[in-house]
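See below for target02.cif, which holds mmCIF, C-alpha atoms.
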data_my_file
#
loop_
_atom_site.label_atom_id
_atom_site.label_comp_id
_atom_site.auth_asym_id
_atom_site.auth_seq_id
_atom_site.Cartn_x
_atom_site.Cartn_y
_atom_site.Cartn_z
CA PHE A 1 -12.64 27.75 -25.91
CA PHE A 2 -10.55 30.18 -27.94
CA GLY A 3 -7.40 32.26 -27.55
CA ARG A 4 -5.54 30.04 -25.12
CA LYS A 5 -3.48 27.91 -27.48
CA GLU A 6 -0.13 29.24 -26.24
CA GLU A 7 -1.06 28.75 -22.59
CA LEU A 8 -2.26 25.21 -23.23
CA GLN A 9 0.98 24.47 -25.05
CA THR A 10 3.00 25.81 -22.11
CA LEU A 11 1.19 23.48 -19.70
CA ARG A 12 1.72 20.56 -22.08
CA GLU A 13 5.44 21.32 -22.43
CA VAL A 14 5.87 21.38 -18.66
CA TYR A 15 4.08 18.04 -18.30
CA ASN A 16 5.87 16.36 -21.19
CA GLY A 17 9.26 17.70 -20.15
CA GLN A 18 8.93 16.27 -16.66
CA PHE A 19 7.01 13.05 -17.20
CA CYS A 20 7.26 12.02 -20.85
CA SER A 21 10.88 12.84 -21.59
CA GLU A 22 13.45 10.11 -22.16
CA GLU A 23 15.76 11.97 -19.78
CA ASP A 24 15.92 10.81 -16.17
CA ASN A 25 14.07 13.46 -14.13
CA GLU A 26 13.68 11.45 -10.92
CA THR A 27 16.05 13.75 -9.02
CA SER A 28 14.39 16.93 -10.32
CA PRO A 29 11.79 18.64 -8.12
CA PRO A 30 8.23 18.34 -9.43
CA PRO A 31 7.22 21.35 -11.54
CA VAL A 32 4.91 24.03 -10.15
CA VAL A 33 2.91 26.20 -12.54
CA ILE A 34 1.23 29.39 -11.34
CA VAL A 35 -1.63 30.58 -13.56
CA ASP A 36 -1.97 34.28 -12.81
CA GLY A 37 -4.51 36.78 -14.07
CA ARG A 38 -7.52 38.89 -13.22
CA SER A 39 -10.69 37.36 -11.89
CA GLY A 40 -12.98 36.04 -14.61
CA THR A 41 -10.32 35.68 -17.32
CA GLY A 42 -10.65 31.91 -17.56
CA LYS A 43 -7.73 30.65 -15.46
CA SER A 44 -9.65 27.74 -13.95
CA ARG A 45 -11.19 26.86 -17.32
CA LEU A 46 -7.73 26.81 -18.89
CA VAL A 47 -6.41 24.28 -16.40
CA SER A 48 -9.61 22.22 -16.62
CA ARG A 49 -9.31 22.10 -20.41
CA PHE A 50 -5.69 20.99 -20.18
CA MET A 51 -6.59 18.20 -17.75
CA GLU A 52 -9.54 17.10 -19.92
CA GLU A 53 -7.33 16.88 -23.01
CA LEU A 54 -4.62 15.01 -21.12
CA LYS A 55 -7.16 12.53 -19.76
CA GLU A 56 -8.53 11.86 -23.25
CA GLU A 57 -5.03 11.38 -24.69
CA ALA A 58 -4.19 8.94 -21.92
CA ARG A 59 -7.40 7.02 -22.63
CA LEU A 60 -6.40 6.75 -26.28
CA GLY A 61 -2.88 5.65 -25.38
CA LYS A 62 -1.27 8.80 -26.78
CA THR A 63 0.38 9.70 -23.47
CA LYS A 64 1.13 7.93 -20.21
CA PRO A 65 -1.61 7.51 -17.61
CA HIS A 66 -1.71 9.94 -14.73
CA CYS A 67 -3.66 10.75 -11.59
CA SER A 68 -5.28 14.12 -10.99
CA MET A 69 -7.00 15.93 -8.15
CA ARG A 70 -8.38 19.40 -7.64
CA GLY A 71 -9.36 21.57 -4.70
CA LYS A 72 -10.28 25.19 -4.12
CA PHE A 73 -9.25 27.53 -1.34
CA GLU A 74 -12.05 29.71 0.03
CA GLU A 75 -11.77 33.05 1.79
CA LEU A 76 -14.04 31.93 4.62
CA GLN A 77 -11.95 28.75 5.11
CA SER A 78 -8.55 30.44 5.14
CA ALA A 79 -8.21 29.63 8.85
CA ASP A 80 -8.86 25.91 8.24
CA PRO A 81 -5.62 23.98 7.68
CA PHE A 82 -5.33 22.03 4.42
CA SER A 83 -8.93 22.76 3.32
CA ALA A 84 -8.26 22.67 -0.43
CA ILE A 85 -5.76 19.81 -0.16
CA LEU A 86 -8.26 17.71 1.76
CA GLU A 87 -10.91 18.58 -0.84
CA ALA A 88 -8.48 17.56 -3.59
CA LEU A 89 -7.74 14.24 -1.91
CA ASN A 90 -11.43 13.46 -1.48
CA ASP A 91 -12.02 14.45 -5.11
CA PHE A 92 -9.26 12.07 -6.13
CA CYS A 93 -10.76 9.22 -4.10
CA HIS A 94 -14.16 9.77 -5.72
CA SER A 95 -12.63 9.82 -9.22
CA LEU A 96 -10.62 6.71 -8.47
CA LEU A 97 -13.74 4.80 -7.49
CA GLN A 98 -15.46 5.87 -10.71
CA GLN A 99 -12.91 4.14 -12.93
CA ASP A 100 -14.80 1.35 -14.66
CA ASP A 101 -12.06 -0.14 -16.83
CA GLN A 102 -10.49 -2.86 -14.71
CA GLU A 103 -7.51 -3.17 -17.02
CA THR A 104 -6.48 0.49 -16.77
CA SER A 105 -7.80 1.32 -13.29
CA SER A 106 -5.24 2.68 -10.82
CA LEU A 107 -7.35 1.56 -7.86
CA PRO A 108 -5.68 -1.82 -7.13
CA ARG A 109 -2.17 -0.34 -7.23
CA ILE A 110 -3.05 2.67 -5.09
CA ARG A 111 -5.07 0.60 -2.60
CA THR A 112 -2.12 -1.75 -2.09
CA ALA A 113 0.37 1.13 -1.89
CA ILE A 114 -1.71 2.94 0.77
CA GLU A 115 -2.02 -0.23 2.83
CA ASP A 116 1.71 -0.93 2.59
CA SER A 117 2.77 2.65 3.23
CA LEU A 118 0.39 3.75 5.98
CA GLY A 119 -0.60 0.54 7.75
CA SER A 120 -2.45 1.34 10.97
CA GLU A 121 -1.63 5.04 10.54
CA LYS A 122 -4.31 5.32 7.87
CA ALA A 123 -6.86 5.86 10.64
CA SER A 124 -5.48 9.36 11.21
CA LEU A 125 -5.89 10.28 7.54
CA ILE A 126 -9.30 8.66 7.06
CA ALA A 127 -10.51 10.96 9.85
CA VAL A 128 -9.86 13.96 7.57
CA VAL A 129 -10.06 12.30 4.12
CA PRO A 130 -13.22 10.15 4.41
CA GLY A 131 -12.94 9.08 0.78
CA LEU A 132 -9.96 6.93 1.69
CA ARG A 133 -12.33 4.59 3.54
CA ASP A 134 -13.88 3.38 0.29
CA VAL A 135 -10.58 3.34 -1.58
CA ILE A 136 -9.08 1.01 0.99
CA GLY A 137 -12.17 -1.15 0.78
CA HIS A 138 -12.19 -2.77 4.22
CA TRP A 139 -12.45 -0.79 7.37
CA GLU A 140 -14.68 -2.54 9.86
CA GLU A 141 -11.89 -3.78 12.09
CA GLU A 142 -10.43 -0.30 12.46
CA GLU A 143 -13.60 1.80 12.61
CA GLU A 144 -13.51 2.23 16.36
CA GLU A 145 -9.89 3.38 16.15
CA SER A 146 -10.88 5.99 13.58
CA ARG A 147 -13.66 7.31 15.82
CA ALA A 148 -11.24 7.46 18.73
CA VAL A 149 -8.76 9.51 16.72
CA GLY A 150 -11.34 12.01 15.46
CA ARG A 151 -10.76 15.07 13.35
CA SER A 152 -9.84 17.34 16.24
CA SER A 153 -6.87 15.17 17.24
CA VAL A 154 -5.52 15.14 13.70
CA ILE A 155 -5.92 18.77 12.68
CA THR A 156 -6.64 21.68 14.98
CA THR A 157 -5.34 25.10 13.93
CA SER A 158 -2.79 26.35 11.43
CA SER A 159 -0.48 27.54 14.16
CA ASP A 160 -0.69 24.18 15.93
CA VAL A 161 0.04 21.90 12.99
CA SER A 162 2.70 24.20 11.56
CA THR A 163 5.04 23.91 14.52
CA GLY A 164 6.98 21.26 16.38
CA ASN A 165 6.29 17.55 16.46
CA SER A 166 2.61 17.95 15.54
CA TRP A 167 3.44 19.54 12.19
CA ASN A 168 6.22 17.06 11.52
CA ARG A 169 3.83 14.15 12.01
CA HIS A 170 1.13 15.57 9.74
CA ARG A 171 3.67 16.37 7.06
CA TYR A 172 5.05 12.83 7.38
CA LEU A 173 1.60 11.22 6.97
CA PHE A 174 0.57 13.40 4.04
CA LYS A 175 3.85 12.72 2.26
CA LYS A 176 3.41 8.98 2.74
CA LEU A 177 -0.08 9.25 1.25
CA PHE A 178 1.12 11.22 -1.78
CA ARG A 179 3.97 8.76 -2.25
CA ALA A 180 1.43 5.95 -2.36
CA ILE A 181 -0.78 7.77 -4.88
CA CYS A 182 1.79 8.73 -7.48
CA SER A 183 4.53 6.82 -9.23
CA LYS A 184 6.96 7.24 -12.10
CA GLU A 185 4.56 5.35 -14.38
CA CYS A 186 1.50 7.29 -13.16
CA PRO A 187 2.38 10.87 -12.13
CA LEU A 188 0.06 13.14 -10.17
CA ILE A 189 -1.37 16.51 -11.23
CA MET A 190 -2.78 18.54 -8.32
CA PHE A 191 -4.79 21.63 -9.28
CA LEU A 192 -5.38 24.07 -6.42
CA ASP A 193 -7.61 27.03 -7.25
CA ASP A 194 -7.71 30.48 -5.62
CA LEU A 195 -4.27 30.31 -4.02
CA GLN A 196 -4.70 33.85 -2.68
CA TRP A 197 -6.66 32.27 0.18
CA ILE A 198 -4.11 29.56 1.01
CA ASP A 199 -3.43 28.94 4.71
CA ASP A 200 0.05 28.73 6.23
CA ALA A 201 -0.13 24.99 6.91
CA SER A 202 -1.05 24.22 3.28
CA LEU A 203 1.73 26.47 2.00
CA ASP A 204 4.27 24.72 4.21
CA LEU A 205 3.04 21.29 3.08
CA LEU A 206 3.24 22.21 -0.61
CA ASP A 207 6.74 23.58 -0.10
CA SER A 208 7.72 20.30 1.56
CA LEU A 209 6.20 18.22 -1.26
CA VAL A 210 8.04 20.24 -3.90
CA HIS A 211 11.45 20.45 -2.26
CA ASP A 212 11.41 17.03 -0.64
CA ALA A 213 9.36 15.16 -3.22
CA PRO A 214 7.59 11.93 -2.19
#
Full structure transcribed into structure tokens:
Amino acid sequence: FFGRKEELQTLREVYNGQFCSEEDNETSPPPVVIVDGRSGTGKSRLVSRFMEELKEEARLGKTKPHCSMRGKFEELQSADPFSAILEALNDFCHSLLQQDDQETSSLPRIRTAIEDSLGSEKASLIAVVPGLRDVIGHWEEEEEESRAVGRSSVITTSSDVSTGNSWNRHRYLFKKLFRAICSKECPLIMFLDDLQWIDDASLDLLDSLVHDAP
């Protein structure tokens, strides 16, 4: 991995400036970094390398712990609302369950935060983020409710969820979930690849998360 020292440093400066600075940045909107370039020039590898280095530094206690998730938009899924965001959330759930150090694991905190924040509303999100079922850890008493909700009643089409009360509710639930996942002590990095295929609903949700941060 050569020739990307400046770009790696830029990503590090953005992260450190927002999350590791002694200044109070709680009122600042979360930073958004766009990695632009031609296909095949190593954009995804650059971000992956940055996240790998950050994870290792956190493990060694050189920087604060953080959560991360990644998803990828696909051309053939551009009509499916939130496809990459749902993939990222499921990826996060899987990674969370793989943490084997009980002392540093984020699982207990996030499990409690999701329970407290979503309550019975978690059924709607488990229908589209199945990984949440295992993160929460107990689901039997609400399984029938989850089946009754079903994916089709939670997310239908981009035009449907992007307008009126339906969109407001989905945005509300997703924001509650992200609020439960991240904290000042454990910020969240979300890597979304191939943004050229982003759907309108995902774009609106990201705009909401940035300008009205959880």
For this session: Considering all atoms listed in the file, return as a ChimeraX atom specification whatever protein or nucleic-acid residues lie within 8 Å of Val129 of chain A, sequence-local ones (same chain, fewer than 2 positions apart) excluded.
Result: /A:86,89-90,125-127,131-132
Problem set entry | Of the listed residues A:Ile34, A:Leu54, A:Leu173, A:Leu107, that which approaches Leu205 of chain A most closely, counting all atoms listed in the file |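 Nearest to Leu205 of chain A: A:Leu173.
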Exercise. Any chance you could work out the residue set of the PyMOL selection byres ((chain A and resi 122) around 10) here, as a list in words?
Worked result: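 For this structure, the PyMOL selection byres ((chain A and resi 122) around 10) resolves to Ile114, Glu115, Ser117, Leu118, Gly119, Ser120, Glu121, Ala123, Ser124, Leu125, Ile126, Ala127, Val129, Leu132, Arg133, Ile136, Glu142, Ser146, Leu173, Lys176 and Leu177 of chain A.
Here the PyMOL selection byres ((chain A and resi 44) around 12) catches exactly these residues: Ile34, Val35, Asp36, Gly37, Arg38, Ser39, Gly40, Thr41, Gly42, Lys43, Arg45, Leu46, Val47, Ser48, Arg49, Phe50, Met51, Arg70, Gly71, Lys72, Phe191, Leu192, Asp193, Asp194 and Leu195 of chain A.
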Exercise. For the atom pair atom CA of Pro130 of chain A and atom CA of Pro65 of chain A, what is the interatomic distance in Å to one decimal place?
Worked result: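 Computed distance, atom CA of Pro130 of chain A to atom CA of Pro65 of chain A, equals 25.0 Å.
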Exercise. By how many Å are atom CA of His211 of chain A and atom CA of Val32 of chain A apart?
Worked result: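 Answer for the atom CA of His211 of chain A to atom CA of Val32 of chain A separation: 10.9 Å.
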For this session: Can you work out the spacing between atom CA of Asp80 of chain A and atom CA of Asp116 of chain A in Å, to one decimal?
Result: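 Distance reported for this atom pair: 29.4 Å.
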Problem set entry | Output check: residues returned by the PyMOL selection byres ((chain A and resi 202) around 9), as a VMD selection string | chain A and resid 81 to 85 158 198 to 201 203 to 207
For this session: For Leu96 of chain A, list every protein, DNA or RNA residue within 8 Å, evaluated using all atoms listed in the file, and leave out those in the same chain fewer than 2 positions away; present the list as a ChimeraX atom specification.
Result: /A:92-94,98-99,105-107,135
For this session: Kindly indicate which residue among A:Leu97, A:Arg179, A:Arg171, A:Leu11 lies nearest to Glu53 of chain A, using all atoms listed in the file for the distances.
Result: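 Under the stated criterion, the closest residue is A:Leu11.
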Problem set entry | Given only C-alpha atoms as the counted atoms, nearest of A:Trp197, A:Asp212, A:Met190, A:Asp91 to Ala79 of chain A |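 That would be A:Trp197, the residue with the smallest distance to Ala79 of chain A.
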Problem set entry | Shell of 10 Å around segment 16-22 of chain A, only C-alpha atoms, local chain residues under 6 positions omitted, as number ranges by chain | A: 10, 28-31, 63-64, 66, 184-188
